[in-house]
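Q: Got a structure for you, questions after.
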Amino acid sequence: MKKSENFYLTTPIYYVNGKPHIGHAYTTIIGDIIARYNRLLGKDVFYLTGTDEHGQKVAQSAEKEGLTPQKFTDINSDKFKVIWDELQISNNDFIRTTDKRHHKAVLEVFKKLKEAKTLLGNDVIYKGTYEGYYCVGCESYKTETDLVDGKCPDHQTAPEKIKEENWFFRLSDYGELIKEKIINGDVTIWPESRRNEVLGLIETGLKDVAMSRNIDWGVKLPFDENQVAWVWFDALPNYISALDYPDGKNFKKYWPADIHLMAKDILKFHTVIWLGMLDALKIDWPKTIMAHGFFTVDGQKMSKTIGNVIAPEDLLKKYGSDATRFLLLSLIPFGQDGDISCEKLDERYNSELANDLGNLVSRVFNMADKYFTRHVPKYLLDKDRFLEQDLKSTWKQYKFYMNSYELNKAIGIVWDHVRQCNAYIEKQKPWELFGAGDQDNLADVIYNLLESIRHIAFMIRPFMPETSDKIINLLNITKEKKRSLKEISDWGRLIPGTKIKKPEILFPRLIKK
Ligand code: MSP
């Protein structure tokens, strides 16, 4: 058998100082759609997510709750796992930075960094003094220019002024190399606008970064027991520790990553610091670093203080898992910032899920029930090729957008076809054909519609796995799930005479209170 192509995809590992919010869910759903699509393409996919559990922010939150950091992170990390399960996230592994395997790999990373030299022949790591600001909320160092009225603009708090002896990573020696590799296309930063931002950042000159902290909750440096790794230097290697770096068979199999996925807020860490670290470690670079936009709620940044945080569990309760995935994804142009509101989510649920798709399926199955005793009719005249033609171009565009990661455009294309099917029903008026006793034309119309629904079921599969399963089950073609996307996209695979099931309501309408 032909060896399948490997595909390694990661999300950020999320801080566990609280429970997951929809920002985390958004990234993880996008990752899941990409992972599922690539599995449909026949690739051997390894999809990784996890939790980032060290650092001052987590330690402080644990203390507030009167828990040890370990207990606190155990509880909160589980909350992420539960929500990911409910959202049908198909991750292959879940890494925690408190895992033994992570600890082991990180020690190896630090040992290697300590021995390494930069391209210019300097020690990669050296001891120095850091004097400046640190925002615990961001777990990151800040310069005066990062602050607005002396406060971190993201957390509205004045960062701590610290002066401490630290180990530094000589990032300043890596700017040219990173720039060159980005320009040469050795590593792709997506979208283009973000790539330019990163190049702009490098242009202003990269400064060395303090890579250790004088706090307790973290990974102690193997060459200095008094310091722990700054949380980012502990977190970034999760992408290789989960593959059992340095000697694990998964590391050999899946590295380099095909995609590191995240939002724009942390692109900087992944492009400059992570790439610098990897070069120092003599490890290949990831192929693509992809940053989506940030979303706001009702025009405002989501924040506990404003009280507009939308929790994934609220959406799950209201819409169910598939609709939550669909709504979050399709509301915002992928890669750009966007705004969501509960009203917009409700509207879209009713119009696109309950009306467009839900109605299509229930109408067509009801007609097949009434006119053909719940069997796929025989395609007799074979002269009406409207839906078949429309599907050809739908698949072409769908694949194009999926392959270029424009996921909301891909699902938009599928919805255009769903609407074409609804318009086709209105145009063909199967009830009139039935009334006139025109069984041949009626059979063609219903066949065309059922066959289109089969295609739709597979196109939505990465986005809404449960609904896809339901439709495939209604069509009684579960064996088709094993087929490749190429086979599935052929017209006419639905076999006349197949006994189909009784229709069910896929998306009950939301009633306005
Ligand atoms: N722990 C670090 C990441 C380390 S990766 C080696 C971290 N964690 S985080 O919990 O703050 O998560 C940041 C990520 O959450 C973002 O990059 C993005 O994927 C997601 N989002 C958080 N808020 C978001 C929005 N409001 N909108 C979209 N995505 C958001 O940073």
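Following the order of the structure tokens, chains are lettered A, B, ..., residues in each are numbered from 1, and ligands are numbered from 1.
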Find the residues near range 14-16 of chain A: any atom within 7 Å, counting only C-alpha atoms, skip ones fewer than 4 places away on the same chain, and give them as a ChimeraX atom specification.
A: /A:50-53,58,73,76-77
Q: All residues within 6 Å of ligand 1 are required, counting only C-alpha atoms and all ligand atoms; please report them as a count of residues only.
A: 18
Q: I'd like to know which residues of range 230-457 of chain A are strand (DSSP E or B) (by DSSP, run on the backbone); could you write them as a PyMOL selection string?
A: chain A and resi 259-263+288-292+295-297+300+338-340+375
Q: So which residues touch Tyr405 in chain A within 10 Å, counting only C-alpha atoms, skipping near sequence neighbours fewer than 3 positions away, as a PyMOL selection string?
A: chain A and resi 30+33-34+190-191+290+334-335+399-402+408-410
Q: How close does each residue of range 283-318 of chain A get to range 86-97 of chain A, giving the shortest atom pair and distance in Å to one decimal for every residue with an atom at most 12 Å away, counting only C-alpha atoms, sorted by chain and residue number, as a tab-separated table?
A:
```
residue	atom	partner	partner_atom	distance
A:Pro312	CA	A:Leu87	CA	8.9
A:Glu313	CA	A:Glu86	CA	8.8
A:Asp314	CA	A:Glu86	CA	11.9
A:Leu315	CA	A:Leu87	CA	10.3
A:Leu316	CA	A:Leu87	CA	7.8
A:Lys317	CA	A:Glu86	CA	10.3
```
Q: CA of Glu388 in chain A and CA of Pro430 in chain A are how many Å apart?
A: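 Interatomic distance here is 17.8 Å.
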Q: To one decimal in Å, tell me the separation between CA of Cys135 in chain A and CA of His54 in chain A.
A: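 CA of His54 in chain A lies 15.0 Å from CA of Cys135 in chain A.
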Q: Near Ala368 in chain A, within 9 Å and counting only C-alpha atoms, which residues show up once chain neighbours fewer than 6 positions away are dropped, as a PyMOL selection string?
A: chain A and resi 374-377+446-447+450+500
Q: Selection from above, all heavy atoms, as a PDB file, in the first residue's frame, can you write it?
A:
```pdb
ATOM      1  N   ARG A 374     -39.733   5.922   0.119  1.00  0.00           N
ATOM      2  CA  ARG A 374     -38.435   6.013   0.781  1.00  0.00           C
ATOM      3  C   ARG A 374     -37.315   5.223   0.072  1.00  0.00           C
ATOM      4  O   ARG A 374     -36.489   4.578   0.730  1.00  0.00           O
ATOM      5  CB  ARG A 374     -38.568   5.572   2.233  1.00  0.00           C
ATOM      6  CG  ARG A 374     -38.063   6.636   3.187  1.00  0.00           C
ATOM      7  CD  ARG A 374     -38.162   6.221   4.609  1.00  0.00           C
ATOM      8  NE  ARG A 374     -39.498   6.327   5.135  1.00  0.00           N
ATOM      9  CZ  ARG A 374     -39.974   5.565   6.108  1.00  0.00           C
ATOM     10  NH1 ARG A 374     -39.216   4.629   6.645  1.00  0.00           N
ATOM     11  NH2 ARG A 374     -41.188   5.742   6.553  1.00  0.00           N
ATOM     12  N   HIS A 375     -37.288   5.309  -1.254  1.00  0.00           N
ATOM     13  CA  HIS A 375     -36.205   4.690  -2.017  1.00  0.00           C
ATOM     14  C   HIS A 375     -35.568   5.746  -2.914  1.00  0.00           C
ATOM     15  O   HIS A 375     -36.231   6.692  -3.325  1.00  0.00           O
ATOM     16  CB  HIS A 375     -36.746   3.572  -2.927  1.00  0.00           C
ATOM     17  CG  HIS A 375     -37.063   2.334  -2.172  1.00  0.00           C
ATOM     18  ND1 HIS A 375     -38.286   2.127  -1.591  1.00  0.00           N
ATOM     19  CD2 HIS A 375     -36.304   1.250  -1.886  1.00  0.00           C
ATOM     20  CE1 HIS A 375     -38.265   0.961  -0.965  1.00  0.00           C
ATOM     21  NE2 HIS A 375     -37.084   0.413  -1.133  1.00  0.00           N
ATOM     22  N   VAL A 376     -34.274   5.550  -3.208  1.00  0.00           N
ATOM     23  CA  VAL A 376     -33.640   6.441  -4.188  1.00  0.00           C
ATOM     24  C   VAL A 376     -34.243   6.084  -5.551  1.00  0.00           C
ATOM     25  O   VAL A 376     -34.169   4.936  -5.980  1.00  0.00           O
ATOM     26  CB  VAL A 376     -32.105   6.224  -4.227  1.00  0.00           C
ATOM     27  CG1 VAL A 376     -31.471   7.069  -5.326  1.00  0.00           C
ATOM     28  CG2 VAL A 376     -31.486   6.524  -2.868  1.00  0.00           C
ATOM     29  N   PRO A 377     -34.896   7.054  -6.236  1.00  0.00           N
ATOM     30  CA  PRO A 377     -35.544   6.722  -7.509  1.00  0.00           C
ATOM     31  C   PRO A 377     -34.538   6.451  -8.613  1.00  0.00           C
ATOM     32  O   PRO A 377     -33.372   6.839  -8.519  1.00  0.00           O
ATOM     33  CB  PRO A 377     -36.368   7.965  -7.825  1.00  0.00           C
ATOM     34  CG  PRO A 377     -35.718   9.066  -7.084  1.00  0.00           C
ATOM     35  CD  PRO A 377     -35.070   8.480  -5.874  1.00  0.00           C
ATOM     36  N   ILE A 446     -35.918  14.232  -7.997  1.00  0.00           N
ATOM     37  CA  ILE A 446     -35.620  13.753  -6.640  1.00  0.00           C
ATOM     38  C   ILE A 446     -34.245  13.095  -6.592  1.00  0.00           C
ATOM     39  O   ILE A 446     -33.496  13.265  -5.638  1.00  0.00           O
ATOM     40  CB  ILE A 446     -36.724  12.769  -6.143  1.00  0.00           C
ATOM     41  CG1 ILE A 446     -38.087  13.469  -6.132  1.00  0.00           C
ATOM     42  CG2 ILE A 446     -36.399  12.217  -4.752  1.00  0.00           C
ATOM     43  CD1 ILE A 446     -38.203  14.682  -5.218  1.00  0.00           C
ATOM     44  N   TYR A 447     -33.884  12.390  -7.649  1.00  0.00           N
ATOM     45  CA  TYR A 447     -32.535  11.799  -7.682  1.00  0.00           C
ATOM     46  C   TYR A 447     -31.487  12.911  -7.602  1.00  0.00           C
ATOM     47  O   TYR A 447     -30.548  12.844  -6.813  1.00  0.00           O
ATOM     48  CB  TYR A 447     -32.304  10.965  -8.944  1.00  0.00           C
ATOM     49  CG  TYR A 447     -30.937  10.310  -8.892  1.00  0.00           C
ATOM     50  CD1 TYR A 447     -30.767   9.056  -8.316  1.00  0.00           C
ATOM     51  CD2 TYR A 447     -29.791  10.993  -9.336  1.00  0.00           C
ATOM     52  CE1 TYR A 447     -29.506   8.487  -8.189  1.00  0.00           C
ATOM     53  CE2 TYR A 447     -28.526  10.433  -9.208  1.00  0.00           C
ATOM     54  CZ  TYR A 447     -28.386   9.179  -8.637  1.00  0.00           C
ATOM     55  OH  TYR A 447     -27.135   8.630  -8.494  1.00  0.00           O
ATOM     56  N   LEU A 450     -31.307  14.264  -4.038  1.00  0.00           N
ATOM     57  CA  LEU A 450     -30.687  13.343  -3.064  1.00  0.00           C
ATOM     58  C   LEU A 450     -29.182  13.235  -3.314  1.00  0.00           C
ATOM     59  O   LEU A 450     -28.372  13.225  -2.387  1.00  0.00           O
ATOM     60  CB  LEU A 450     -31.332  11.956  -3.150  1.00  0.00           C
ATOM     61  CG  LEU A 450     -32.727  11.825  -2.538  1.00  0.00           C
ATOM     62  CD1 LEU A 450     -33.359  10.479  -2.919  1.00  0.00           C
ATOM     63  CD2 LEU A 450     -32.675  11.953  -1.011  1.00  0.00           C
ATOM     64  N   ILE A 500     -33.755   4.539   1.844  1.00  0.00           N
ATOM     65  CA  ILE A 500     -33.266   5.626   2.701  1.00  0.00           C
ATOM     66  C   ILE A 500     -34.128   5.724   3.961  1.00  0.00           C
ATOM     67  O   ILE A 500     -35.131   5.019   4.081  1.00  0.00           O
ATOM     68  CB  ILE A 500     -33.197   6.966   1.937  1.00  0.00           C
ATOM     69  CG1 ILE A 500     -34.566   7.326   1.366  1.00  0.00           C
ATOM     70  CG2 ILE A 500     -32.172   6.894   0.822  1.00  0.00           C
ATOM     71  CD1 ILE A 500     -34.590   8.675   0.692  1.00  0.00           C
TER      72      ILE A 500
END
```
Q: Tell me, as a PyMOL selection string, which residues lie within 10 Å of Ala25 in chain A, counting only C-alpha atoms; anything in the same chain fewer than 3 positions away does not count.
A: chain A and resi 20-22+28-31+80+83-84+87+89+311-312+324-325+328
Q: Convert the current residue selection to file output with N, CA, C and O atoms, as a short mmCIF file (atom, residue, chain, number, x, y, z; two decimals), in the first residue's frame.
A:
```
data_model
loop_
_atom_site.label_atom_id
_atom_site.label_comp_id
_atom_site.auth_asym_id
_atom_site.auth_seq_id
_atom_site.Cartn_x
_atom_site.Cartn_y
_atom_site.Cartn_z
N PRO A 20 -11.66 27.58 29.14
CA PRO A 20 -11.54 28.03 27.76
C PRO A 20 -12.61 29.04 27.36
O PRO A 20 -13.75 28.92 27.81
N HIS A 21 -12.25 30.05 26.58
CA HIS A 21 -13.27 30.96 26.06
C HIS A 21 -13.38 30.77 24.54
O HIS A 21 -12.65 29.97 23.96
N ILE A 22 -14.30 31.52 23.91
CA ILE A 22 -14.52 31.19 22.50
C ILE A 22 -13.34 31.54 21.60
O ILE A 22 -13.24 31.01 20.50
N THR A 28 -9.17 26.30 17.90
CA THR A 28 -9.16 24.84 17.97
C THR A 28 -10.12 24.24 16.94
O THR A 28 -9.84 23.19 16.36
N ILE A 29 -11.23 24.92 16.69
CA ILE A 29 -12.18 24.45 15.67
C ILE A 29 -11.55 24.58 14.28
O ILE A 29 -11.63 23.65 13.47
N ILE A 30 -10.92 25.72 14.02
CA ILE A 30 -10.26 25.89 12.72
C ILE A 30 -9.24 24.77 12.51
O ILE A 30 -9.20 24.13 11.45
N GLY A 31 -8.44 24.53 13.54
CA GLY A 31 -7.44 23.46 13.45
C GLY A 31 -8.12 22.13 13.16
O GLY A 31 -7.66 21.34 12.33
N PHE A 80 -10.49 22.21 29.61
CA PHE A 80 -10.23 22.32 28.17
C PHE A 80 -10.55 20.99 27.48
O PHE A 80 -11.20 20.98 26.44
N ILE A 83 -14.36 20.51 27.07
CA ILE A 83 -14.96 21.34 26.01
C ILE A 83 -14.52 20.85 24.63
O ILE A 83 -15.32 20.80 23.70
N TRP A 84 -13.26 20.47 24.51
CA TRP A 84 -12.80 19.98 23.18
C TRP A 84 -13.56 18.70 22.80
O TRP A 84 -13.89 18.49 21.65
N LEU A 87 -16.91 19.68 21.60
CA LEU A 87 -16.86 20.32 20.28
C LEU A 87 -16.35 19.36 19.21
O LEU A 87 -16.09 19.77 18.08
N ILE A 89 -13.50 17.89 18.87
CA ILE A 89 -12.15 18.17 18.37
C ILE A 89 -11.42 16.83 18.27
O ILE A 89 -11.38 16.06 19.22
N ALA A 311 -18.92 32.21 26.64
CA ALA A 311 -18.27 30.94 26.95
C ALA A 311 -18.69 29.89 25.93
O ALA A 311 -19.86 29.85 25.55
N PRO A 312 -17.76 29.04 25.52
CA PRO A 312 -18.13 28.00 24.55
C PRO A 312 -19.28 27.13 25.05
O PRO A 312 -20.13 26.70 24.27
N THR A 324 -22.32 25.31 16.61
CA THR A 324 -21.33 26.20 17.22
C THR A 324 -20.10 26.28 16.33
O THR A 324 -19.57 27.37 16.05
N ARG A 325 -19.66 25.13 15.86
CA ARG A 325 -18.49 25.10 14.96
C ARG A 325 -18.76 25.93 13.71
O ARG A 325 -17.96 26.78 13.31
N LEU A 328 -19.20 29.88 14.52
CA LEU A 328 -17.96 30.58 14.85
C LEU A 328 -17.10 30.75 13.61
O LEU A 328 -16.51 31.79 13.38
#
```
Q: Per residue of range 280-366 of chain A within 7 Å of range 257-260 of chain A, which atom pair is closest and at what distance in Å (one decimal), using only C-alpha atoms, listed by chain and increasing number, as CSV?
A:
```
residue,atom,partner,partner_atom,distance
A:Pro286,CA,A:Ala257,CA,4.7
A:Lys287,CA,A:Asp258,CA,5.0
A:Thr288,CA,A:Ile259,CA,4.8
A:Ile289,CA,A:His260,CA,4.9
A:Met290,CA,A:His260,CA,6.1
```
Q: Using C-alpha atoms, can you export the residues from the last selection as a compact mmCIF listing (two decimals), in the first residue's frame?
A:
```
# COMPACT_ATOMS: atom_id res chain seq x y z
CA PRO A 286 7.90 24.60 10.49
CA LYS A 287 6.57 24.98 6.95
CA THR A 288 3.74 27.42 7.64
CA ILE A 289 2.92 29.73 10.50
CA MET A 290 -0.66 30.83 10.20
```
Q: Mind the document's chain letters and residue numbers, and return as JSON, numbers by chain the residues of range 126-315 of chain A that DSSP labels helix (DSSP H, G or I).
A: {"A": [144, 145, 146, 171, 172, 173, 175, 176, 177, 178, 179, 180, 181, 182, 183, 184, 192, 193, 194, 195, 196, 197, 198, 199, 200, 201, 202, 203, 231, 232, 233, 234, 235, 238, 239, 240, 241, 249, 250, 251, 252, 253, 254, 264, 265, 266, 267, 268, 269, 270, 271, 272, 273, 274, 275, 276, 277, 278, 279, 280, 281, 312, 313, 314, 315]}
Q: Between A:Pro462, A:Gly412, A:Gly492, A:Pro503, which is the closest to Met367 in chain A once you count only C-alpha atoms?
A: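 Nearest candidate to Met367 in chain A out of A:Pro462, A:Gly412, A:Gly492, A:Pro503: A:Pro503.
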Q: Using 9 Å as the limit and counting only C-alpha atoms, can you tabulate each residue of range 107-175 of chain A that touches range 198-221 of chain A, with its shortest atom-to-atom distance in Å and the two atoms involved, as CSV?
A:
```
residue,atom,partner,partner_atom,distance
A:Leu107,CA,A:Leu221,CA,7.1
A:Phe110,CA,A:Leu221,CA,7.0
A:Lys111,CA,A:Leu221,CA,8.5
A:Ile125,CA,A:Met211,CA,8.7
A:Lys127,CA,A:Ala210,CA,9.0
A:Gly128,CA,A:Ala210,CA,8.2
A:Thr129,CA,A:Ala210,CA,8.4
A:Tyr130,CA,A:Ala210,CA,6.7
A:Tyr141,CA,A:Ala210,CA,8.5
A:Glu164,CA,A:Asn214,CA,7.5
A:Glu165,CA,A:Asn214,CA,8.1
A:Asn166,CA,A:Ser212,CA,5.6
A:Trp167,CA,A:Ser212,CA,5.6
A:Phe168,CA,A:Ala210,CA,4.3
A:Phe169,CA,A:Val209,CA,5.3
A:Arg170,CA,A:Asp208,CA,4.7
A:Leu171,CA,A:Asp208,CA,4.6
A:Ser172,CA,A:Leu206,CA,4.8
A:Asp173,CA,A:Leu206,CA,8.0
A:Tyr174,CA,A:Leu206,CA,7.8
A:Gly175,CA,A:Ile202,CA,5.8
```
